[in-house]
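Engineer: What follows is target.txt, compact mmCIF, C-alpha atoms.
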```
# COMPACT_ATOMS: atom_id res chain seq x y z
CA ARG A 1 -39.37 28.07 9.78
CA ARG A 2 -43.06 27.69 10.61
CA ARG A 3 -43.29 24.73 8.25
CA LYS A 4 -40.31 23.08 9.87
CA ARG A 5 -41.82 23.60 13.32
CA ARG A 6 -45.09 22.06 12.17
CA ARG A 7 -43.28 19.05 10.76
CA ARG A 8 -41.37 18.58 14.00
CA ARG A 9 -44.60 18.75 16.00
CA ARG A 10 -46.22 16.15 13.73
CA ARG A 11 -43.22 13.84 14.06
CA ARG A 12 -43.28 14.19 17.84
CA LYS A 13 -47.00 13.37 17.94
CA LYS A 14 -46.45 10.32 15.75
CA ALA A 15 -43.52 9.15 17.87
CA ILE A 16 -45.57 9.54 21.06
CA HIS A 17 -48.47 7.71 19.41
CA TYR A 18 -46.28 4.81 18.27
CA SER A 19 -44.54 4.52 21.63
CA SER A 20 -47.88 4.40 23.43
CA ILE A 21 -49.00 1.58 21.11
CA VAL A 22 -45.81 -0.37 21.79
CA MET A 23 -46.26 0.06 25.55
CA MET A 24 -49.87 -1.05 25.32
CA ILE A 25 -48.89 -4.19 23.39
CA ARG A 26 -46.18 -4.99 25.89
CA ARG A 27 -48.57 -4.56 28.81
CA ARG A 28 -51.15 -6.82 27.20
CA SER A 29 -48.60 -9.52 26.38
CA TRP A 30 -47.25 -9.31 29.93
CA ARG A 31 -50.75 -9.75 31.37
CA ARG A 32 -51.40 -12.70 29.10
CA ARG A 33 -48.14 -14.35 30.07
CA ARG A 34 -48.86 -13.71 33.75
CA SER A 35 -52.33 -15.23 33.54
CA SER A 36 -51.14 -18.22 31.50
CA SER A 37 -48.24 -18.95 33.83
CA SER A 38 -50.63 -19.26 36.79
CA SER A 39 -52.18 -22.41 35.40
CA SER A 40 -50.45 -25.66 36.33
CA SER A 41 -50.53 -27.06 32.82
CA SER A 42 -49.03 -24.07 31.04
CA TRP A 43 -45.45 -25.33 31.08
CA GLU A 44 -46.42 -28.77 29.77
CA GLY A 45 -48.44 -27.14 27.00
CA ARG A 46 -45.50 -25.08 25.86
CA ARG A 47 -43.42 -28.19 25.47
CA SER A 48 -45.92 -29.94 23.18
CA THR A 49 -44.66 -30.64 19.69
CA ILE A 50 -46.15 -30.28 16.22
CA ALA A 51 -43.92 -32.71 14.38
CA THR A 52 -45.47 -35.55 12.38
CA THR A 53 -42.49 -37.49 11.11
CA THR A 54 -40.21 -39.65 13.20
CA THR A 55 -36.63 -40.76 13.00
CA THR A 56 -35.48 -44.33 13.36
CA THR A 57 -32.54 -43.57 15.63
CA THR A 58 -32.58 -44.93 19.20
CA MET A 59 -30.35 -44.41 22.18
CA GLN A 60 -29.69 -47.53 24.22
CA GLN A 61 -27.29 -45.70 26.51
CA GLN A 62 -29.95 -43.25 27.65
CA GLN A 63 -32.51 -46.00 28.19
CA GLN A 64 -30.06 -47.77 30.51
CA GLN A 65 -29.37 -44.62 32.50
CA CYS A 66 -32.90 -43.25 32.70
CA SER A 67 -35.63 -45.60 33.88
CA SER A 68 -38.29 -43.04 34.80
CA SER A 69 -40.99 -41.41 32.69
CA SER A 70 -40.29 -40.14 29.21
CA ASN A 71 -42.27 -38.22 26.62
CA LYS A 72 -42.15 -37.97 22.87
CA MET A 73 -40.31 -34.81 21.90
CA ASN A 74 -38.95 -33.34 18.74
CA LEU A 75 -35.50 -31.82 18.71
CA PHE A 76 -36.41 -28.24 19.57
CA SER A 77 -38.56 -29.44 22.48
CA ALA A 78 -35.64 -31.55 23.75
CA ILE A 79 -33.39 -28.48 23.56
CA ASN A 80 -36.01 -26.50 25.45
CA ASN A 81 -36.21 -29.23 28.09
CA ALA A 82 -32.42 -29.28 28.47
CA LEU A 83 -32.29 -25.49 28.92
CA TYR A 84 -35.10 -25.70 31.47
CA THR A 85 -33.15 -28.36 33.38
CA ALA A 86 -29.94 -26.31 33.28
CA LEU A 87 -31.67 -23.17 34.55
CA ASP A 88 -33.61 -25.07 37.20
CA THR A 89 -30.63 -26.96 38.62
CA ASP A 90 -28.05 -24.17 38.58
CA PRO A 91 -28.97 -20.62 39.66
CA ARG A 92 -25.79 -19.39 37.97
CA SER A 93 -27.11 -20.33 34.51
CA TYR A 94 -28.21 -17.66 32.05
CA VAL A 95 -29.75 -17.91 28.58
CA PHE A 96 -29.45 -14.95 26.22
CA GLY A 97 -29.43 -14.11 22.53
CA GLU A 98 -31.50 -12.51 19.82
CA ASP A 99 -35.23 -12.94 20.54
CA VAL A 100 -34.73 -15.75 23.07
CA GLY A 101 -37.06 -13.96 25.46
CA PHE A 102 -39.88 -14.47 22.97
CA GLY A 103 -39.01 -18.11 22.33
CA GLY A 104 -36.49 -17.66 19.53
CA VAL A 105 -36.89 -18.21 15.80
CA PHE A 106 -37.15 -21.99 16.26
CA ARG A 107 -39.05 -21.84 19.59
CA CYS A 108 -36.22 -23.44 21.54
CA THR A 109 -36.57 -21.04 24.47
CA VAL A 110 -40.36 -20.82 24.70
CA GLY A 111 -41.59 -20.29 28.27
CA LEU A 112 -38.16 -19.97 29.86
CA ARG A 113 -38.37 -16.24 30.56
CA ASP A 114 -41.82 -16.65 32.13
CA LYS A 115 -40.49 -19.36 34.42
CA PHE A 116 -37.07 -17.99 35.39
CA GLY A 117 -37.50 -14.27 34.90
CA ARG A 118 -36.04 -11.54 32.72
CA SER A 119 -32.79 -11.42 34.65
CA ARG A 120 -31.85 -14.97 33.62
CA VAL A 121 -33.44 -15.28 30.16
CA PHE A 122 -33.18 -12.12 28.12
CA ASN A 123 -32.84 -10.65 24.65
CA THR A 124 -29.67 -9.05 23.34
CA PRO A 125 -28.95 -6.54 20.57
CA LEU A 126 -28.37 -7.85 17.05
CA CYS A 127 -24.64 -8.15 17.57
CA GLU A 128 -23.06 -11.61 17.59
CA GLN A 129 -19.70 -10.23 18.67
CA GLY A 130 -21.37 -8.59 21.65
CA ILE A 131 -23.37 -11.71 22.53
CA VAL A 132 -20.29 -13.91 22.73
CA GLY A 133 -18.20 -11.19 24.35
CA PHE A 134 -20.82 -10.79 27.06
CA GLY A 135 -20.89 -14.57 27.49
CA ILE A 136 -17.12 -14.68 27.94
CA GLY A 137 -17.27 -12.09 30.71
CA LEU A 138 -20.18 -13.86 32.38
CA ALA A 139 -18.46 -17.25 32.23
CA SER A 140 -15.15 -15.88 33.48
CA MET A 141 -16.91 -14.85 36.70
CA GLY A 142 -17.99 -18.44 37.40
CA ASN A 143 -21.41 -18.43 35.73
CA ARG A 144 -22.97 -20.75 33.14
CA ALA A 145 -23.42 -18.55 30.07
CA ILE A 146 -25.63 -20.15 27.38
CA ALA A 147 -25.48 -17.88 24.34
CA GLU A 148 -27.62 -18.38 21.26
CA ILE A 149 -26.52 -17.35 17.77
CA GLN A 150 -29.74 -17.22 15.75
CA PHE A 151 -28.19 -18.92 12.70
CA ALA A 152 -24.75 -20.50 12.43
CA ASP A 153 -24.25 -18.49 9.24
CA TYR A 154 -24.07 -15.35 11.41
CA ILE A 155 -21.50 -16.67 13.87
CA TYR A 156 -18.63 -15.17 11.87
CA PRO A 157 -18.82 -11.67 13.45
CA ALA A 158 -18.17 -13.46 16.77
CA PHE A 159 -15.26 -15.45 15.36
CA ASP A 160 -12.61 -13.27 16.98
CA GLN A 161 -14.28 -13.49 20.39
CA ILE A 162 -14.54 -17.29 20.19
CA VAL A 163 -11.12 -18.01 18.70
CA ASN A 164 -8.92 -15.35 20.30
CA GLU A 165 -10.67 -14.85 23.64
CA ALA A 166 -12.82 -17.79 24.77
CA ALA A 167 -10.51 -20.51 23.44
CA LYS A 168 -7.31 -18.94 24.80
CA TYR A 169 -8.51 -17.40 28.07
CA ARG A 170 -7.39 -20.29 30.27
CA TYR A 171 -4.06 -20.75 28.46
CA ARG A 172 -2.94 -17.12 28.45
CA SER A 173 -3.87 -16.63 32.11
CA GLY A 174 -1.95 -19.70 33.26
CA ASN A 175 -5.21 -21.33 34.38
CA MET A 176 -5.96 -18.43 36.72
CA PHE A 177 -9.11 -17.64 34.75
CA ASN A 178 -11.22 -19.58 32.28
CA THR A 179 -14.43 -19.43 30.27
CA GLY A 180 -15.40 -23.04 30.85
CA GLY A 181 -18.97 -22.04 31.63
CA LEU A 182 -19.59 -20.73 28.10
CA THR A 183 -21.81 -22.67 25.70
CA ILE A 184 -22.65 -21.22 22.30
CA ARG A 185 -25.73 -22.69 20.60
CA ALA A 186 -26.21 -22.23 16.87
CA PRO A 187 -28.63 -23.86 14.36
CA TYR A 188 -26.69 -25.08 11.32
CA GLY A 189 -27.13 -26.93 8.03
CA ALA A 190 -29.55 -27.22 5.15
CA VAL A 191 -33.24 -26.73 5.71
CA GLY A 192 -34.61 -26.98 2.16
CA HIS A 193 -35.08 -23.29 1.39
CA GLY A 194 -32.45 -21.38 3.34
CA GLY A 195 -30.11 -20.36 0.54
CA HIS A 196 -26.53 -19.36 1.18
CA TYR A 197 -27.16 -17.25 4.32
CA HIS A 198 -29.26 -19.74 6.30
CA SER A 199 -27.83 -23.16 5.36
CA GLN A 200 -24.10 -23.22 6.05
CA SER A 201 -22.18 -25.76 8.12
CA PRO A 202 -19.21 -23.90 9.64
CA GLU A 203 -18.06 -26.56 12.12
CA ALA A 204 -14.65 -27.07 10.46
CA PHE A 205 -13.63 -23.46 11.19
CA PHE A 206 -13.80 -24.10 14.93
CA CYS A 207 -12.32 -27.59 14.84
CA HIS A 208 -8.97 -25.94 14.02
CA VAL A 209 -8.94 -24.05 17.34
CA PRO A 210 -7.39 -25.59 20.46
CA GLY A 211 -9.26 -24.72 23.64
CA ILE A 212 -12.87 -25.23 22.58
CA LYS A 213 -15.08 -28.24 21.96
CA VAL A 214 -17.46 -28.72 19.02
CA VAL A 215 -20.56 -30.87 19.56
CA ILE A 216 -23.33 -31.81 17.09
CA PRO A 217 -26.29 -34.05 18.04
CA ARG A 218 -28.34 -36.22 15.68
CA SER A 219 -31.63 -36.69 17.57
CA PRO A 220 -33.76 -35.24 20.40
CA SER A 221 -32.52 -37.61 23.12
CA GLN A 222 -28.94 -37.07 22.06
CA ALA A 223 -29.46 -33.32 21.93
CA LYS A 224 -30.67 -33.08 25.51
CA GLY A 225 -27.91 -35.25 26.97
CA LEU A 226 -25.13 -33.64 24.95
CA LEU A 227 -26.35 -30.08 25.58
CA LEU A 228 -26.46 -30.59 29.35
CA ALA A 229 -22.99 -32.15 29.19
CA SER A 230 -21.74 -29.16 27.17
CA ILE A 231 -23.20 -26.65 29.61
CA ARG A 232 -21.54 -28.40 32.55
CA ASP A 233 -18.23 -29.11 30.81
CA PRO A 234 -15.24 -27.15 32.17
CA ASN A 235 -14.38 -25.94 28.65
CA PRO A 236 -16.14 -23.56 26.25
CA VAL A 237 -18.31 -25.47 23.80
CA VAL A 238 -19.76 -24.57 20.40
CA PHE A 239 -22.98 -26.58 20.12
CA PHE A 240 -24.36 -26.82 16.58
CA GLU A 241 -27.99 -27.92 16.24
CA PRO A 242 -29.29 -29.40 12.94
CA LYS A 243 -32.25 -27.14 12.29
CA LEU A 244 -33.65 -29.50 9.65
CA LEU A 245 -34.43 -31.91 12.51
CA TYR A 246 -35.99 -29.38 14.88
CA ARG A 247 -39.46 -30.65 14.02
CA MET A 248 -38.75 -33.70 11.89
CA ALA A 249 -36.89 -35.80 14.46
CA VAL A 250 -39.20 -37.20 17.14
CA GLU A 251 -38.46 -39.86 19.75
CA GLU A 252 -38.86 -40.74 23.41
CA VAL A 253 -36.84 -38.41 25.62
CA SER A 254 -36.47 -38.87 29.36
CA GLU A 255 -37.72 -36.08 31.63
CA ASP A 256 -34.81 -36.77 33.98
CA ASP A 257 -31.63 -34.76 34.28
CA TYR A 258 -29.00 -36.78 32.38
CA THR A 259 -25.85 -36.17 30.38
CA LEU A 260 -24.03 -38.03 27.63
CA PRO A 261 -20.22 -38.21 27.51
CA LEU A 262 -18.47 -35.77 25.21
CA SER A 263 -15.69 -36.99 22.89
CA SER A 264 -17.32 -40.41 22.78
CA ALA A 265 -18.64 -41.61 19.42
CA GLU A 266 -21.45 -44.14 19.11
CA VAL A 267 -21.81 -47.12 16.78
CA MET A 268 -25.35 -46.81 15.47
CA ARG A 269 -25.16 -49.84 13.22
CA GLU A 270 -22.60 -52.63 13.19
CA GLY A 271 -21.16 -53.95 9.92
CA SER A 272 -18.18 -55.69 8.38
CA ASP A 273 -17.61 -54.32 4.85
CA ILE A 274 -17.23 -50.55 5.23
CA THR A 275 -17.26 -47.89 7.97
CA LEU A 276 -19.42 -44.79 7.53
CA VAL A 277 -18.76 -41.74 9.73
CA GLY A 278 -20.97 -38.67 10.05
CA TRP A 279 -22.66 -36.29 12.47
CA GLY A 280 -25.83 -34.28 12.84
CA ALA A 281 -28.59 -34.42 10.24
CA GLN A 282 -26.33 -36.23 7.75
CA LEU A 283 -26.65 -39.41 9.80
CA THR A 284 -30.25 -39.80 8.65
CA ILE A 285 -29.03 -39.86 5.04
CA LEU A 286 -26.21 -42.25 5.89
CA GLU A 287 -28.62 -44.59 7.63
CA GLN A 288 -30.83 -44.66 4.55
CA ALA A 289 -27.80 -45.47 2.39
CA CYS A 290 -26.86 -48.31 4.77
CA THR A 291 -30.33 -49.80 4.39
CA GLU A 292 -30.15 -49.64 0.60
CA ALA A 293 -26.64 -51.11 0.58
CA ALA A 294 -27.80 -54.03 2.73
CA LYS A 295 -30.19 -55.02 -0.08
CA ASP A 296 -27.11 -55.59 -2.25
CA GLY A 297 -25.40 -57.64 0.45
CA ILE A 298 -23.09 -54.86 1.71
CA SER A 299 -22.72 -54.68 5.50
CA CYS A 300 -22.10 -51.09 6.65
CA GLU A 301 -20.95 -49.96 10.09
CA LEU A 302 -22.35 -46.52 10.90
CA ILE A 303 -20.69 -44.26 13.49
CA ASP A 304 -22.06 -41.02 14.94
CA LEU A 305 -19.08 -38.90 15.92
CA ARG A 306 -21.20 -36.61 18.18
CA THR A 307 -18.17 -34.58 19.31
CA LEU A 308 -15.88 -33.28 16.58
CA ILE A 309 -13.21 -31.79 18.81
CA PRO A 310 -11.80 -33.77 20.47
CA TRP A 311 -13.17 -36.68 18.45
CA ASP A 312 -13.18 -40.38 19.30
CA GLN A 313 -10.16 -41.53 17.29
CA GLU A 314 -9.89 -44.94 18.93
CA LEU A 315 -13.41 -46.05 18.04
CA VAL A 316 -13.15 -45.01 14.39
CA GLU A 317 -9.70 -46.57 14.09
CA ALA A 318 -10.91 -49.88 15.51
CA SER A 319 -13.85 -49.92 13.14
CA VAL A 320 -11.73 -49.25 10.06
CA ASN A 321 -9.24 -51.93 11.10
CA LYS A 322 -12.20 -54.32 11.11
CA THR A 323 -13.88 -53.26 7.82
CA GLY A 324 -10.85 -52.08 5.82
CA ARG A 325 -12.81 -49.20 4.24
CA LEU A 326 -13.93 -45.73 5.31
CA LEU A 327 -16.48 -43.21 4.01
CA VAL A 328 -16.95 -39.80 5.65
CA SER A 329 -19.89 -37.57 4.79
CA HIS A 330 -20.88 -34.03 5.83
CA GLU A 331 -22.83 -31.10 4.38
CA ALA A 332 -19.93 -28.65 4.51
CA PRO A 333 -17.76 -28.20 1.39
CA VAL A 334 -15.37 -31.07 0.80
CA THR A 335 -12.17 -28.99 0.67
CA GLY A 336 -10.93 -28.30 4.19
CA GLY A 337 -13.91 -30.03 5.76
CA PHE A 338 -13.50 -32.01 8.96
CA GLY A 339 -13.77 -35.19 6.92
CA ALA A 340 -10.29 -34.45 5.61
CA GLU A 341 -8.90 -34.55 9.15
CA ILE A 342 -10.53 -37.92 9.78
CA ALA A 343 -9.22 -39.26 6.47
CA ALA A 344 -5.68 -38.08 7.21
CA TYR A 345 -5.63 -39.63 10.67
CA ILE A 346 -7.03 -42.98 9.51
CA THR A 347 -4.55 -43.07 6.63
CA GLU A 348 -1.68 -42.70 9.10
CA ARG A 349 -3.02 -45.27 11.54
CA CYS A 350 -4.67 -47.88 9.29
CA PHE A 351 -2.78 -47.61 6.00
CA LEU A 352 -1.79 -51.29 5.84
CA ARG A 353 -5.34 -52.41 6.66
CA LEU A 354 -7.12 -50.29 4.04
CA GLU A 355 -8.55 -52.21 1.10
CA ALA A 356 -9.75 -49.12 -0.78
CA PRO A 357 -9.06 -45.37 -0.83
CA ILE A 358 -10.90 -43.35 1.83
CA VAL A 359 -13.99 -41.71 0.34
CA ARG A 360 -15.45 -38.30 1.20
CA VAL A 361 -19.04 -37.56 0.12
CA CYS A 362 -19.61 -33.94 1.07
CA GLY A 363 -21.02 -30.64 -0.10
CA LEU A 364 -19.62 -28.99 -3.20
CA ASP A 365 -16.96 -26.28 -3.20
CA THR A 366 -19.46 -23.52 -3.97
CA PRO A 367 -21.52 -21.09 -1.91
CA PHE A 368 -24.61 -22.86 -0.64
CA PRO A 369 -27.20 -22.59 -3.44
CA LEU A 370 -30.95 -22.11 -3.22
CA VAL A 371 -32.51 -23.65 -6.33
CA PHE A 372 -29.68 -26.16 -6.80
CA GLU A 373 -29.61 -27.37 -3.17
CA PRO A 374 -30.43 -31.01 -4.16
CA PHE A 375 -27.35 -31.05 -6.41
CA TYR A 376 -25.14 -29.52 -3.72
CA LEU A 377 -25.99 -31.86 -0.83
CA PRO A 378 -24.45 -35.33 -0.29
CA THR A 379 -27.61 -37.32 -0.99
CA LYS A 380 -28.44 -40.97 -0.37
CA ASN A 381 -27.73 -41.93 -3.99
CA LYS A 382 -24.32 -40.26 -3.96
CA ILE A 383 -23.39 -42.10 -0.78
CA LEU A 384 -24.73 -45.41 -2.09
CA ASP A 385 -22.68 -45.11 -5.28
CA ALA A 386 -19.57 -44.32 -3.21
CA ILE A 387 -20.19 -47.35 -0.97
CA LYS A 388 -20.45 -49.69 -3.95
CA ALA A 389 -17.33 -48.20 -5.57
CA ALA A 390 -15.30 -48.65 -2.39
CA VAL A 391 -16.44 -52.24 -1.86
CA GLN A 392 -15.76 -53.16 -5.49
CA PHE A 393 -12.37 -51.42 -5.61
```
Please lay out the structure from this file as structure tokens.

Structural biologist:
Amino acid sequence: RRRKRRRRRRRRKKAIHYSSIVMMIRRRSWRRRRSSSSSSSSWEGRRSTIATTTTTTTMQQQQQQCSSSSNKMNLFSAINNALYTALDTDPRSYVFGEDVGFGGVFRCTVGLRDKFGRSRVFNTPLCEQGIVGFGIGLASMGNRAIAEIQFADYIYPAFDQIVNEAAKYRYRSGNMFNTGGLTIRAPYGAVGHGGHYHSQSPEAFFCHVPGIKVVIPRSPSQAKGLLLASIRDPNPVVFFEPKLLYRMAVEEVSEDDYTLPLSSAEVMREGSDITLVGWGAQLTILEQACTEAAKDGISCELIDLRTLIPWDQELVEASVNKTGRLLVSHEAPVTGGFGAEIAAYITERCFLRLEAPIVRVCGLDTPFPLVFEPFYLPTKNKILDAIKAAVQF
């Protein structure tokens, strides 16, 4: 008994010691944040980027809408800027998720808690079902709930909340209630070393669900405009962010408050021989394949879908009627991927105009590998071979 009492006393002393250390660290970090926030340049410093590579994508629509100052940002800085704008312009907006108070794994929420306070930007327990469930309740009371799922691979525990609650809330209440203020952010896709638990592309699961929208940007300027549009849309939105581009994609992004239309695709490159359709990070690979194909005299029309549900059927249909060929590419496995939906629709609408079978260049029907990631992904060479085969059919 004496030994047990001694052990208990030691454990209590250790627990008190550890808790005092934690409190001391928290106090120090709070003082540092308080002192740093007093300087006028602190917020601009937090938004500085460390990316060195740039993407070739441009956005003419944004340049027409926004004529004021713009800065070079990478994708995570553009996301941060969009969240700052949403919180600053709407006092009903809230940002929450795992570690968002500290800036998040990818630093997308850096500085937001210091600026807007702990009541509007806060951490949650490690429970995706609880995060989305809390967001549904918050949105149903007329607020703008911006929930972050740390990785899209871990969105599955929240699947029931998204599919059976958020998507159906308006319908089952006869439009008396809705969760239109809910936006769920989630980094998705390959990153080069993520393996099968940090590399998945689960967008097709949610495209089968009426009542929600699925949005995927391709660049920093697109990400800001589409995210603000998603936050302000009267429907719940699942917003997937290509984490491979968080630091790789860099371009001029306007500091203004602007939105881009949802369910409106964009023609990135005009062509006459074949139509290429993609979204997110895959568009960089498709653009490289278009450049290589042009060396062989093949003119490719490249379309960024941007919104998967509801997607811009008219634009894709018009393009395929012009070129007579279609190639769809995405990182997700080919079977049951959203490319199959696009192929089925175009087959119904453009069957007599097709000059070759519709081609899908996608991920393999296996769990996402680690060492064999280059073999799994739809690479530039795979797409280029498919383009040549379709044109020569």

Engineer: Mind giving me the straight-line distance from CA of Glu241 in chain A to CA of Ile387 in chain A in Å, one decimal?

Structural biologist: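 According to the coordinates, CA of Glu241 in chain A and CA of Ile387 in chain A are separated by 27.1 Å.
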
Engineer: If we count all atoms listed in the file, what is near range 119-129 of chain A at a cut-off of 7 Å, once residues fewer than 6 positions away on the same chain are taken out, given as a list in words?

Structural biologist: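 Near neighbours after the sequence-gap exclusion: Tyr94, Val95, Phe96, Gly97, Glu98, Asp99, Val100, Gly101, Leu112, Arg113, Ile149, Ile155, Pro157, Ala158 and Gln161 of chain A.
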
Engineer: Could you name the residues that touch Val191 in chain A at 8 Å or less, counting all atoms listed in the file, but leaving out those on the same chain fewer than 4 positions away, as a ChimeraX atom specification?

Structural biologist: /A:199,243-244

Engineer: Could you list, as a list in words, every residue within 12 Å of Ser299 in chain A, counting only C-alpha atoms and ignoring same-chain residues fewer than 2 positions away?

Structural biologist: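 My reading of the contact set: Arg269, Glu270, Gly271, Ser272, Asp273, Ile274, Thr275, Leu276, Glu287, Ala289, Cys290, Thr291, Glu292, Ala293, Ala294, Lys295, Asp296, Gly297, Glu301, Leu302, Lys322, Thr323, Arg325, Ile387, Lys388 and Val391 of chain A.
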
Engineer: Can you pull out the residues contacting range 201-207 of chain A? Cut-off 7 Å, using all atoms listed in the file, and skip same-chain residues under 5 positions away; I want them as JSON, numbers by chain.

Structural biologist: {"A": [188, 189, 214, 308, 309, 331, 332, 337, 338]}

Engineer: Next, dump the selected residues to file, keeping only C-alpha atoms, as a PDB file, in the coordinates of the input.

Structural biologist:
```pdb
ATOM      1  CA  TYR A 188     -26.690 -25.080  11.320  1.00  0.00           C
ATOM      2  CA  GLY A 189     -27.130 -26.930   8.030  1.00  0.00           C
ATOM      3  CA  VAL A 214     -17.460 -28.720  19.020  1.00  0.00           C
ATOM      4  CA  LEU A 308     -15.880 -33.280  16.580  1.00  0.00           C
ATOM      5  CA  ILE A 309     -13.210 -31.790  18.810  1.00  0.00           C
ATOM      6  CA  GLU A 331     -22.830 -31.100   4.380  1.00  0.00           C
ATOM      7  CA  ALA A 332     -19.930 -28.650   4.510  1.00  0.00           C
ATOM      8  CA  GLY A 337     -13.910 -30.030   5.760  1.00  0.00           C
ATOM      9  CA  PHE A 338     -13.500 -32.010   8.960  1.00  0.00           C
TER      10      PHE A 338
END
```

Engineer: Which residue out of A:Val132, A:Leu352, A:Ala186, A:Ala318 has the minimum interatomic distance to Gly104 in chain A when all atoms listed in the file are used?

Structural biologist: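 Ranking A:Val132, A:Leu352, A:Ala186, A:Ala318 by distance to Gly104 in chain A, first place goes to A:Ala186.
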
Engineer: Counting only C-alpha atoms, which of A:Ala190, A:Met248, A:Ile303, A:Ile212 gets nearest to Ala152 in chain A?

Structural biologist: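 Of all the options, A:Ala190 lies closest to Ala152 in chain A.
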
Engineer: Take CA of Pro91 in chain A and CA of Gly181 in chain A and report the distance between them in Å, one decimal.

Structural biologist: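 Result for CA of Pro91 in chain A versus CA of Gly181 in chain A: 12.9 Å, one decimal.
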
Engineer: Between CA of Ile285 in chain A and CA of Leu384 in chain A, what distance in Å does the model show, to one decimal?

Structural biologist: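 Between these atoms lies a distance of 10.0 Å.
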
Engineer: Any idea what's packed within 7 Å of Ser70 in chain A, counting only C-alpha atoms, ignoring anything in its chain fewer than 4 positions away? Could you give it as a count of residues only?

Structural biologist: 4
